[in-house]
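Asker: Next comes the structure file work-v6.cif, holding mmCIF, C-alpha atoms.
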data_entry
#
loop_
_atom_site.label_atom_id
_atom_site.label_comp_id
_atom_site.auth_asym_id
_atom_site.auth_seq_id
_atom_site.Cartn_x
_atom_site.Cartn_y
_atom_site.Cartn_z
CA MET A 1 102.84 130.68 -202.85
CA LYS A 2 103.95 128.34 -200.10
CA VAL A 3 106.23 125.48 -201.19
CA ILE A 4 105.43 122.18 -199.48
CA GLU A 5 108.56 120.19 -198.72
CA MET A 6 108.32 116.44 -199.10
CA ALA A 7 109.30 114.31 -196.13
CA LYS A 8 112.69 112.64 -196.43
CA ILE A 9 113.73 109.09 -195.60
CA GLN A 10 117.19 107.62 -195.08
CA ILE A 11 118.29 104.63 -197.16
CA ARG A 12 121.53 102.86 -198.00
CA LEU A 13 122.16 102.62 -201.74
CA ASN A 14 125.07 100.62 -203.16
CA GLY A 15 126.92 100.87 -199.88
CA ASP A 16 126.39 104.61 -199.26
CA ASP A 17 123.83 106.54 -197.19
CA HIS A 18 121.30 108.66 -199.11
CA GLN A 19 118.31 110.84 -198.31
CA ILE A 20 115.42 110.67 -200.75
CA GLU A 21 111.85 111.87 -200.85
CA GLN A 22 109.31 109.66 -199.14
CA GLY A 23 106.60 107.94 -201.15
CA GLY A 24 108.52 106.86 -204.24
CA SER A 25 108.81 103.44 -205.78
CA ILE A 26 112.01 101.64 -206.67
CA ALA A 27 111.31 102.43 -210.33
CA ASP A 28 111.08 106.14 -209.42
CA LEU A 29 114.42 105.92 -207.63
CA VAL A 30 116.05 104.16 -210.58
CA ARG A 31 114.79 106.83 -212.99
CA SER A 32 116.02 109.60 -210.68
CA LEU A 33 119.50 108.14 -211.20
CA ASP A 34 119.07 108.48 -214.98
CA LEU A 35 118.84 104.70 -215.33
CA ASP A 36 116.34 102.59 -217.23
CA PRO A 37 114.49 100.19 -214.89
CA ALA A 38 114.48 97.64 -217.73
CA LYS A 39 118.27 97.57 -217.81
CA VAL A 40 119.19 97.10 -214.15
CA ALA A 41 118.75 94.50 -211.42
CA VAL A 42 117.68 95.59 -207.95
CA GLU A 43 118.17 93.92 -204.59
CA ARG A 44 116.22 95.26 -201.60
CA ASN A 45 117.27 94.13 -198.14
CA ARG A 46 119.05 91.13 -199.69
CA GLU A 47 116.00 90.05 -201.69
CA ILE A 48 115.83 90.37 -205.48
CA VAL A 49 113.00 92.67 -206.64
CA THR A 50 111.63 91.34 -209.91
CA ARG A 51 111.61 93.82 -212.75
CA SER A 52 107.84 93.58 -213.21
CA THR A 53 107.25 94.89 -209.67
CA LEU A 54 109.76 97.75 -209.53
CA ALA A 55 106.98 100.33 -209.94
CA GLU A 56 104.88 98.71 -207.21
CA VAL A 57 107.49 98.25 -204.45
CA MET A 58 107.87 101.41 -202.39
CA VAL A 59 111.19 102.53 -200.95
CA GLU A 60 110.94 102.70 -197.16
CA GLN A 61 112.97 104.16 -194.32
CA GLY A 62 116.12 102.12 -193.63
CA ASP A 63 116.01 100.09 -196.85
CA GLU A 64 119.32 98.72 -198.13
CA LEU A 65 119.32 98.71 -201.92
CA GLU A 66 121.77 97.38 -204.46
CA ILE A 67 121.35 98.47 -208.08
CA VAL A 68 123.54 96.75 -210.64
CA HIS A 69 123.98 96.79 -214.39
CA PHE A 70 123.74 93.59 -216.36
CA VAL A 71 127.03 92.07 -217.47
CA GLY A 72 127.69 89.18 -219.80
CA GLY A 73 129.26 85.84 -218.99
CA GLY A 74 130.77 86.76 -215.65
CA SER A 75 133.04 89.31 -217.28
CA GLY A 76 133.22 93.09 -217.10
CA ASP A 77 132.90 94.39 -213.57
CA ASP A 78 131.19 91.30 -212.17
CA ASN A 79 134.23 90.08 -210.29
CA TRP A 80 134.30 88.61 -206.80
CA THR A 81 136.80 89.13 -204.02
CA VAL A 82 138.03 86.85 -201.26
CA ALA A 83 140.59 87.91 -198.65
CA GLY A 84 141.44 90.99 -200.73
CA ARG A 85 142.08 89.03 -203.95
CA THR A 86 139.84 89.57 -206.95
CA PHE A 87 138.90 86.93 -209.51
CA ARG A 88 136.82 86.93 -212.68
CA SER A 89 135.86 83.25 -212.79
CA ARG A 90 133.41 82.05 -210.15
CA LEU A 91 134.29 78.42 -210.78
CA ILE A 92 136.96 76.66 -208.70
CA VAL A 93 138.04 73.21 -209.80
CA GLY A 94 139.91 70.37 -208.15
CA THR A 95 142.95 68.44 -209.34
CA GLY A 96 142.08 64.88 -208.41
CA LYS A 97 140.66 61.83 -210.20
CA TYR A 98 141.85 62.78 -213.70
CA LYS A 99 143.56 60.13 -215.80
CA ASP A 100 146.70 62.27 -215.93
CA PHE A 101 147.96 65.81 -215.36
CA ALA A 102 147.60 66.69 -219.05
CA GLU A 103 143.86 66.02 -218.98
CA ASN A 104 143.60 67.95 -215.73
CA ALA A 105 145.35 70.96 -217.25
CA ALA A 106 143.12 70.86 -220.34
CA ALA A 107 140.00 70.76 -218.16
CA VAL A 108 141.19 73.71 -216.09
CA GLU A 109 141.78 75.73 -219.24
CA ALA A 110 138.37 74.84 -220.64
CA SER A 111 136.66 75.76 -217.37
CA GLY A 112 138.19 79.21 -217.26
CA ALA A 113 138.93 78.65 -213.56
CA GLU A 114 141.52 80.89 -211.94
CA ILE A 115 141.76 78.83 -208.74
CA VAL A 116 142.48 75.12 -208.36
CA THR A 117 142.48 73.13 -205.15
CA VAL A 118 145.58 71.06 -204.50
CA ALA A 119 146.13 68.34 -201.92
CA VAL A 120 149.29 68.32 -199.82
CA ARG A 121 150.96 64.93 -200.07
CA ARG A 122 154.39 63.45 -199.35
CA VAL A 123 157.04 63.70 -202.05
CA ASN A 124 157.74 60.43 -203.86
CA VAL A 125 161.41 60.02 -202.96
CA THR A 126 161.71 56.67 -204.76
CA ASP A 127 160.82 58.06 -208.21
CA ARG A 128 162.19 61.58 -208.55
CA ASN A 129 161.32 61.70 -212.26
CA GLN A 130 157.61 61.28 -211.64
CA PRO A 131 155.65 64.25 -213.15
CA VAL A 132 154.24 66.83 -210.76
CA LEU A 133 151.20 69.08 -211.05
CA MET A 134 153.24 72.28 -211.33
CA ASP A 135 154.73 70.98 -214.59
CA PHE A 136 151.24 71.19 -216.13
CA ILE A 137 149.37 73.91 -214.21
CA ASP A 138 151.54 76.96 -213.62
CA PRO A 139 151.00 78.40 -210.10
CA LYS A 140 152.12 81.78 -211.45
CA LYS A 141 149.08 81.82 -213.74
CA ILE A 142 146.55 79.81 -211.72
CA THR A 143 146.06 80.36 -207.98
CA TYR A 144 146.76 77.22 -205.99
CA LEU A 145 144.41 76.66 -203.06
CA PRO A 146 146.01 74.07 -200.75
CA ASN A 147 143.40 71.97 -198.99
CA THR A 148 143.27 69.53 -196.13
CA ALA A 149 141.49 66.69 -197.91
CA GLY A 150 141.80 63.50 -195.89
CA CYS A 151 142.21 65.19 -192.50
CA PHE A 152 139.91 63.96 -189.74
CA ASN A 153 140.96 66.25 -186.89
CA ALA A 154 141.98 69.86 -186.37
CA GLU A 155 145.57 69.00 -185.46
CA ASP A 156 146.26 67.21 -188.77
CA ALA A 157 144.57 69.94 -190.79
CA ILE A 158 146.59 72.70 -189.13
CA ARG A 159 149.81 70.74 -189.56
CA THR A 160 149.06 70.16 -193.25
CA LEU A 161 148.46 73.83 -193.97
CA ARG A 162 151.55 74.93 -192.07
CA LEU A 163 153.54 72.65 -194.39
CA ALA A 164 151.71 74.06 -197.42
CA ARG A 165 152.62 77.61 -196.43
CA GLU A 166 156.22 76.62 -195.94
CA ALA A 167 156.30 74.87 -199.33
CA GLY A 168 154.68 77.57 -201.43
CA GLY A 169 154.06 80.61 -199.27
CA TRP A 170 150.28 80.17 -199.48
CA ASP A 171 148.07 81.77 -196.87
CA LEU A 172 144.78 81.54 -198.78
CA VAL A 173 143.81 77.93 -198.07
CA LYS A 174 140.85 75.57 -198.08
CA LEU A 175 140.08 73.93 -194.76
CA GLU A 176 138.10 70.75 -194.47
CA VAL A 177 138.05 68.50 -191.41
CA LEU A 178 136.05 65.35 -192.04
CA GLY A 179 133.94 63.49 -189.49
CA GLU A 180 134.09 59.98 -190.90
CA ALA A 181 134.90 58.19 -194.14
CA LYS A 182 131.45 57.03 -195.28
CA THR A 183 129.75 60.39 -195.77
CA LEU A 184 132.81 62.69 -195.68
CA TYR A 185 130.64 65.14 -193.78
CA PRO A 186 132.61 67.80 -191.91
CA ASN A 187 133.27 67.53 -188.21
CA MET A 188 132.14 71.02 -187.23
CA ARG A 189 133.67 71.01 -183.74
CA GLU A 190 137.13 70.25 -185.17
CA THR A 191 136.55 72.56 -188.15
CA LEU A 192 135.72 75.51 -185.92
CA GLU A 193 138.76 74.84 -183.72
CA ALA A 194 141.06 74.67 -186.76
CA THR A 195 139.57 77.86 -188.23
CA GLU A 196 140.29 79.82 -185.05
CA VAL A 197 143.90 78.62 -184.85
CA LEU A 198 144.63 79.20 -188.55
CA ALA A 199 143.13 82.69 -188.53
CA LYS A 200 145.28 83.66 -185.54
CA GLU A 201 148.36 82.41 -187.41
CA GLY A 202 147.65 84.65 -190.38
CA PHE A 203 146.00 82.09 -192.66
CA LYS A 204 142.96 83.05 -194.70
CA PRO A 205 140.83 79.89 -194.55
CA MET A 206 138.02 79.16 -196.98
CA VAL A 207 136.06 76.60 -194.98
CA TYR A 208 134.08 73.53 -196.06
CA CYS A 209 131.09 73.07 -193.75
CA VAL A 210 127.60 71.68 -193.30
CA ASP A 211 124.71 73.61 -194.85
CA ASP A 212 123.76 75.18 -191.52
CA PRO A 213 123.32 78.99 -191.26
CA ILE A 214 124.28 79.00 -187.56
CA ALA A 215 127.48 77.03 -188.14
CA ALA A 216 128.29 79.27 -191.10
CA LYS A 217 128.04 82.40 -188.96
CA GLN A 218 130.21 80.82 -186.25
CA LEU A 219 132.91 80.08 -188.83
CA GLU A 220 132.77 83.63 -190.14
CA ASP A 221 133.15 84.99 -186.61
CA ALA A 222 136.10 82.63 -186.08
CA GLY A 223 137.97 84.08 -189.07
CA ALA A 224 136.82 82.20 -192.17
CA VAL A 225 137.26 84.36 -195.28
CA ALA A 226 134.74 82.28 -197.24
CA ILE A 227 132.00 79.84 -196.27
CA MET A 228 131.74 76.68 -198.39
CA PRO A 229 128.64 74.64 -197.50
CA LEU A 230 128.18 71.24 -199.09
CA GLY A 231 125.39 70.81 -201.62
CA ALA A 232 125.48 67.04 -201.09
CA PRO A 233 128.12 64.54 -199.94
CA ILE A 234 131.54 64.86 -201.58
CA GLY A 235 131.73 63.03 -204.89
CA SER A 236 128.04 62.03 -204.84
CA GLY A 237 126.86 64.11 -207.80
CA LEU A 238 123.43 64.43 -206.17
CA GLY A 239 123.16 68.18 -206.66
CA ILE A 240 122.04 70.73 -204.09
CA GLN A 241 119.78 68.92 -201.64
CA ASN A 242 118.67 71.86 -199.50
CA ARG A 243 118.24 75.12 -201.34
CA VAL A 244 116.58 76.77 -198.35
CA THR A 245 119.59 76.55 -196.03
CA ILE A 246 122.06 77.52 -198.78
CA ARG A 247 120.00 80.63 -199.45
CA LEU A 248 119.86 81.43 -195.72
CA ILE A 249 123.64 81.13 -195.50
CA VAL A 250 124.02 83.50 -198.45
CA GLU A 251 121.64 86.02 -196.90
CA GLY A 252 123.42 86.00 -193.54
CA ALA A 253 127.04 85.99 -194.67
CA ASN A 254 129.39 88.96 -194.88
CA VAL A 255 132.02 86.88 -196.69
CA PRO A 256 131.77 84.97 -199.99
CA VAL A 257 129.68 81.80 -200.03
CA LEU A 258 130.58 78.99 -202.45
CA VAL A 259 128.85 75.63 -202.79
CA ASP A 260 131.46 72.93 -202.26
CA ALA A 261 130.69 69.26 -202.96
CA GLY A 262 127.79 67.41 -204.50
CA VAL A 263 127.59 69.06 -207.93
CA GLY A 264 126.94 66.44 -210.60
CA THR A 265 126.11 68.34 -213.76
CA ALA A 266 125.79 71.82 -215.19
CA SER A 267 122.26 72.45 -213.91
CA ASP A 268 123.47 71.91 -210.34
CA ALA A 269 126.08 74.62 -210.77
CA ALA A 270 123.48 76.97 -212.23
CA VAL A 271 121.19 76.39 -209.24
CA ALA A 272 123.98 77.29 -206.83
CA MET A 273 124.55 80.57 -208.63
CA GLU A 274 120.84 81.34 -208.89
CA LEU A 275 120.67 81.08 -205.09
CA GLY A 276 123.12 83.97 -204.89
CA CYS A 277 126.31 82.05 -204.16
CA ASP A 278 129.54 83.77 -205.11
CA GLY A 279 130.92 80.66 -206.74
CA VAL A 280 131.04 76.88 -206.98
CA LEU A 281 133.82 74.41 -206.28
CA MET A 282 133.82 71.01 -207.96
CA ASN A 283 136.11 68.15 -208.89
CA THR A 284 134.40 64.80 -209.47
CA ALA A 285 131.65 66.24 -211.68
CA ILE A 286 134.29 67.21 -214.24
CA ALA A 287 136.96 64.57 -213.66
CA GLU A 288 134.57 61.61 -213.84
CA ALA A 289 132.56 62.84 -216.82
CA LYS A 290 132.96 60.75 -219.97
CA GLU A 291 134.48 63.83 -221.60
CA PRO A 292 136.01 65.92 -218.80
CA VAL A 293 137.15 68.82 -220.98
CA ARG A 294 133.70 69.19 -222.53
CA MET A 295 132.08 69.02 -219.09
CA ALA A 296 134.50 71.70 -217.88
CA ARG A 297 133.25 74.00 -220.64
CA ALA A 298 129.65 73.17 -219.70
CA MET A 299 130.32 74.09 -216.07
CA LYS A 300 131.87 77.39 -217.11
CA LEU A 301 128.73 78.27 -219.08
CA ALA A 302 126.41 77.06 -216.31
CA VAL A 303 128.08 79.19 -213.65
CA ALA A 304 127.89 82.24 -215.91
CA ALA A 305 124.24 81.56 -216.79
CA GLY A 306 123.27 81.04 -213.16
CA ARG A 307 124.95 84.27 -212.16
CA GLU A 308 123.13 86.16 -214.93
CA ALA A 309 119.83 84.68 -213.83
CA TYR A 310 120.47 85.73 -210.23
CA LEU A 311 121.32 89.29 -211.25
CA SER A 312 118.29 89.44 -213.57
CA GLY A 313 115.82 88.64 -210.82
CA ARG A 314 113.57 85.72 -211.62
CA MET A 315 109.82 86.10 -212.04
CA GLY A 316 107.67 85.55 -209.00
CA ARG A 317 106.20 82.11 -208.37
CA ARG A 318 102.42 81.82 -208.79
CA MET A 319 99.94 79.20 -207.65
CA TYR A 320 98.00 79.33 -210.91
CA ALA A 321 98.55 80.03 -214.59
CA ASP A 322 98.98 83.54 -215.91
CA PRO A 323 98.68 83.79 -219.72
CA SER A 324 101.46 85.50 -221.65
CA SER A 325 98.94 86.85 -224.19
CA PRO A 326 95.78 88.79 -223.14
CA LEU A 327 92.55 86.82 -223.32
CA SER A 328 90.49 89.81 -224.36
CA GLY A 329 89.86 90.28 -228.08
CA LEU A 330 89.94 86.57 -228.90
CA ILE A 331 88.40 85.64 -232.25
#
As a first step, turn the structure in this file into structure tokens.

Answerer:
Amino acid sequence: MKVIEMAKIQIRLNGDDHQIEQGGSIADLVRSLDLDPAKVAVERNREIVTRSTLAEVMVEQGDELEIVHFVGGGSGDDNWTVAGRTFRSRLIVGTGKYKDFAENAAAVEASGAEIVTVAVRRVNVTDRNQPVLMDFIDPKKITYLPNTAGCFNAEDAIRTLRLAREAGGWDLVKLEVLGEAKTLYPNMRETLEATEVLAKEGFKPMVYCVDDPIAAKQLEDAGAVAIMPLGAPIGSGLGIQNRVTIRLIVEGANVPVLVDAGVGTASDAAVAMELGCDGVLMNTAIAEAKEPVRMARAMKLAVAAGREAYLSGRMGRRMYADPSSPLSGLI
């Protein structure tokens, strides 16, 4: 009896090349790996495949698939890496606008954040007993991310970060070069120039930018280790204003993408994570809440929930209603 060999196709699965038989669905592939389709999330060519359609979507030549297990609360193996450093928390918080350093430290602890942004400012030489941030937030336990807040040109931003590296040895930094004071929108010409210089000097810049996929790719090519598009103007609390461009940036990036600026409440943070962002950076949303420590806890939960929703793969959008219970057999 002649055995008919099935045609093979080449795919990329979880970062490795595989040959599989042609004509199978994603559900078939998942089962061939001894996995339950109901207990995994699948991404095909950077698009989430909803669980209800796994048996209908066929695997095709050249597909890039990611199959992941579900994890709870941003723990387990669901870490993220930037510039070779791995973190569990996907929430980065700022250290400005709090009533005092003690409240700031309490909020950081409640948020579960492992990275805090810190501004570089002149030492107060007239009051040497004035408390400093390091007395409350230990840089040996929490990663300090020096930023260039308040810089309006590349020269000042580069100078600031050179001083930061000299002061604390930091090379992982946050770069922002502002265009003008009213909107605090980034000046992308100066930002790109600063990114190129800093990368050549060995810095690893995480870069605040406009929500523009083309600008994001230019920054990545210039040496940015993370892209940080604004959701809305800094300190506005308006939430993510353009989900389409944030999603396009996520799809096109080969480095982490974190929404930076504009988050006002927990649902905004969840939206950022549901779009596939690697994390969220915020300051004002927590610091100016009536109860900052409670809001910090809310943001921690929102980021975790948004990440879980993204990994789960949301249901497809429909134009019309689709009943949850069958209509046949009604009394």

Asker: Tell me which protein, DNA and RNA residues are within 8 Å of Ile9 in chain A, counting only C-alpha atoms, leaving out same-chain ones fewer than 2 positions away, and put them as number ranges by chain.

Answerer: A: 7, 11, 19-22, 60-62

Asker: Considering all atoms listed in the file, state which residue in the set A:Leu91, A:Val173, A:Val207, A:Met315 is at the smallest distance from Met188 in chain A.

Answerer: A:Val207

Asker: Which residues, named as in the file, does the PyMOL selection byres ((chain A and resi 98) around 12) pick out? Answer as a PyMOL selection string.

Answerer: chain A and resi 93-97+99-108+133+283-293

Asker: I would like the residues chosen by the PyMOL selection byres ((chain A and resi 115) around 6) on the shown file; could you give them as a list of chain:residue names?

Answerer: A:Ile92, A:Ala113, A:Glu114, A:Val116, A:Ile142, A:Thr143, A:Tyr144

Asker: Between A:Phe203, A:Phe87, A:Trp80, A:Tyr208, which is the closest to Thr191 in chain A once you count all atoms listed in the file?

Answerer: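 Using all atoms listed in the file, Thr191 in chain A sits closest to A:Tyr208.
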
Asker: Could you check which of A:Leu54, A:Leu184, A:Leu161, A:Val255 is closest to Glu220 in chain A, using only C-alpha atoms?

Answerer: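 Among the listed residues, A:Val255 lies closest to Glu220 in chain A.
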
Asker: Pull out every residue that the PyMOL selection byres ((chain A and resi 26-38) around 8) matches in the shown coordinates and put them as a ChimeraX atom specification.

Answerer: /A:24-25,39-41,51,54-59

Asker: Please determine, counting all atoms listed in the file, which residue among A:Val244, A:Leu178, A:Met319, A:Leu311 has the shortest atom-to-atom distance to Gly150 in chain A.

Answerer: A:Leu178

Asker: Assuming 8 Å of padding per side, give the centre and edge lengths of the axis-aligned box around every listed atom of range 305-314 of chain A, in Å to one decimal and as lines of an AutoDock Vina configuration file.

Answerer:
center_x = 119.3
center_y = 85.2
center_z = -213.5
size_x = 27.4
size_y = 24.4
size_z = 22.6

Asker: If you measure from CA of Thr195 in chain A to CA of Asn254 in chain A, what distance in Å do you get, rounded to one decimal?

Answerer: 16.5 Å

Asker: In terms of the shortest atom-to-atom distance over all atoms listed in the file, which of A:Asp135, A:Ile249, A:Leu198, A:Thr183 is closest to Pro213 in chain A?

Answerer: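 Looking at the shortest contact to Pro213 in chain A, the residue is A:Ile249.
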
Asker: Measuring between all atoms listed in the file, which one of A:Pro186, A:Gly264, A:Pro139, A:Pro323 shows the shortest distance to Gly169 in chain A?

Answerer: A:Pro139

Asker: Using all atoms listed in the file, which residues sit within 8 Å of range 13-15 of chain A once same-chain residues fewer than 2 positions away are excluded, as JSON, numbers by chain?

Answerer: {"A": [11, 17, 18, 64, 65, 66, 67]}

Asker: In Å, rounded to a single decimal, give me how far CA of Gln241 in chain A is from CA of Ala253 in chain A.

Answerer: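 So the two atoms, CA of Ala253 in chain A and CA of Gln241 in chain A, lie 19.8 Å apart.
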
Asker: Can you tell me how far CA of Gln218 in chain A sits from CA of Arg189 in chain A, in Å to one decimal?

Answerer: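 We find that CA of Gln218 in chain A and CA of Arg189 in chain A lie 10.7 Å from each other.
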
Asker: Neighbourhood query: residues within 12 Å of (128.1, 74.8, -190.2), file coordinates, counting only C-alpha atoms; return as a VMD selection string.

Answerer: chain A and resid 176 to 177 185 to 192 207 to 222 224 227 to 230 245 to 246 248 to 249

Asker: Got a sec: who's within 9 Å of Leu145 in chain A, counting all atoms listed in the file, leaving out chain neighbours fewer than 5 positions off, as a ChimeraX atom specification?

Answerer: /A:115-119,170-174

Asker: Using only C-alpha atoms, please write the residues we just selected to a file, as a PDB file, in the coordinates of the input.

Answerer:
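So part17.pdb came out as:
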ATOM      1  CA  ILE A 115     141.760  78.830-208.740  1.00  0.00           C
ATOM      2  CA  VAL A 116     142.480  75.120-208.360  1.00  0.00           C
ATOM      3  CA  THR A 117     142.480  73.130-205.150  1.00  0.00           C
ATOM      4  CA  VAL A 118     145.580  71.060-204.500  1.00  0.00           C
ATOM      5  CA  ALA A 119     146.130  68.340-201.920  1.00  0.00           C
ATOM      6  CA  TRP A 170     150.280  80.170-199.480  1.00  0.00           C
ATOM      7  CA  ASP A 171     148.070  81.770-196.870  1.00  0.00           C
ATOM      8  CA  LEU A 172     144.780  81.540-198.780  1.00  0.00           C
ATOM      9  CA  VAL A 173     143.810  77.930-198.070  1.00  0.00           C
ATOM     10  CA  LYS A 174     140.850  75.570-198.080  1.00  0.00           C
TER      11      LYS A 174
END

Asker: Would you mind listing, for every residue of range 192-264 of chain A within 7 Å of range 271-276 of chain A, the two atoms forming the shortest contact and the distance between them in Å to one decimal, using all atoms listed in the file, sorted by chain and ascending residue number, as JSON lines?

Answerer:
{"residue": "A:Arg247", "atom": "CA", "partner": "A:Leu275", "partner_atom": "CA", "distance": 5.7}
{"residue": "A:Val250", "atom": "CA", "partner": "A:Gly276", "partner_atom": "CA", "distance": 6.5}
{"residue": "A:Val259", "atom": "CA", "partner": "A:Ala272", "partner_atom": "CA", "distance": 6.5}
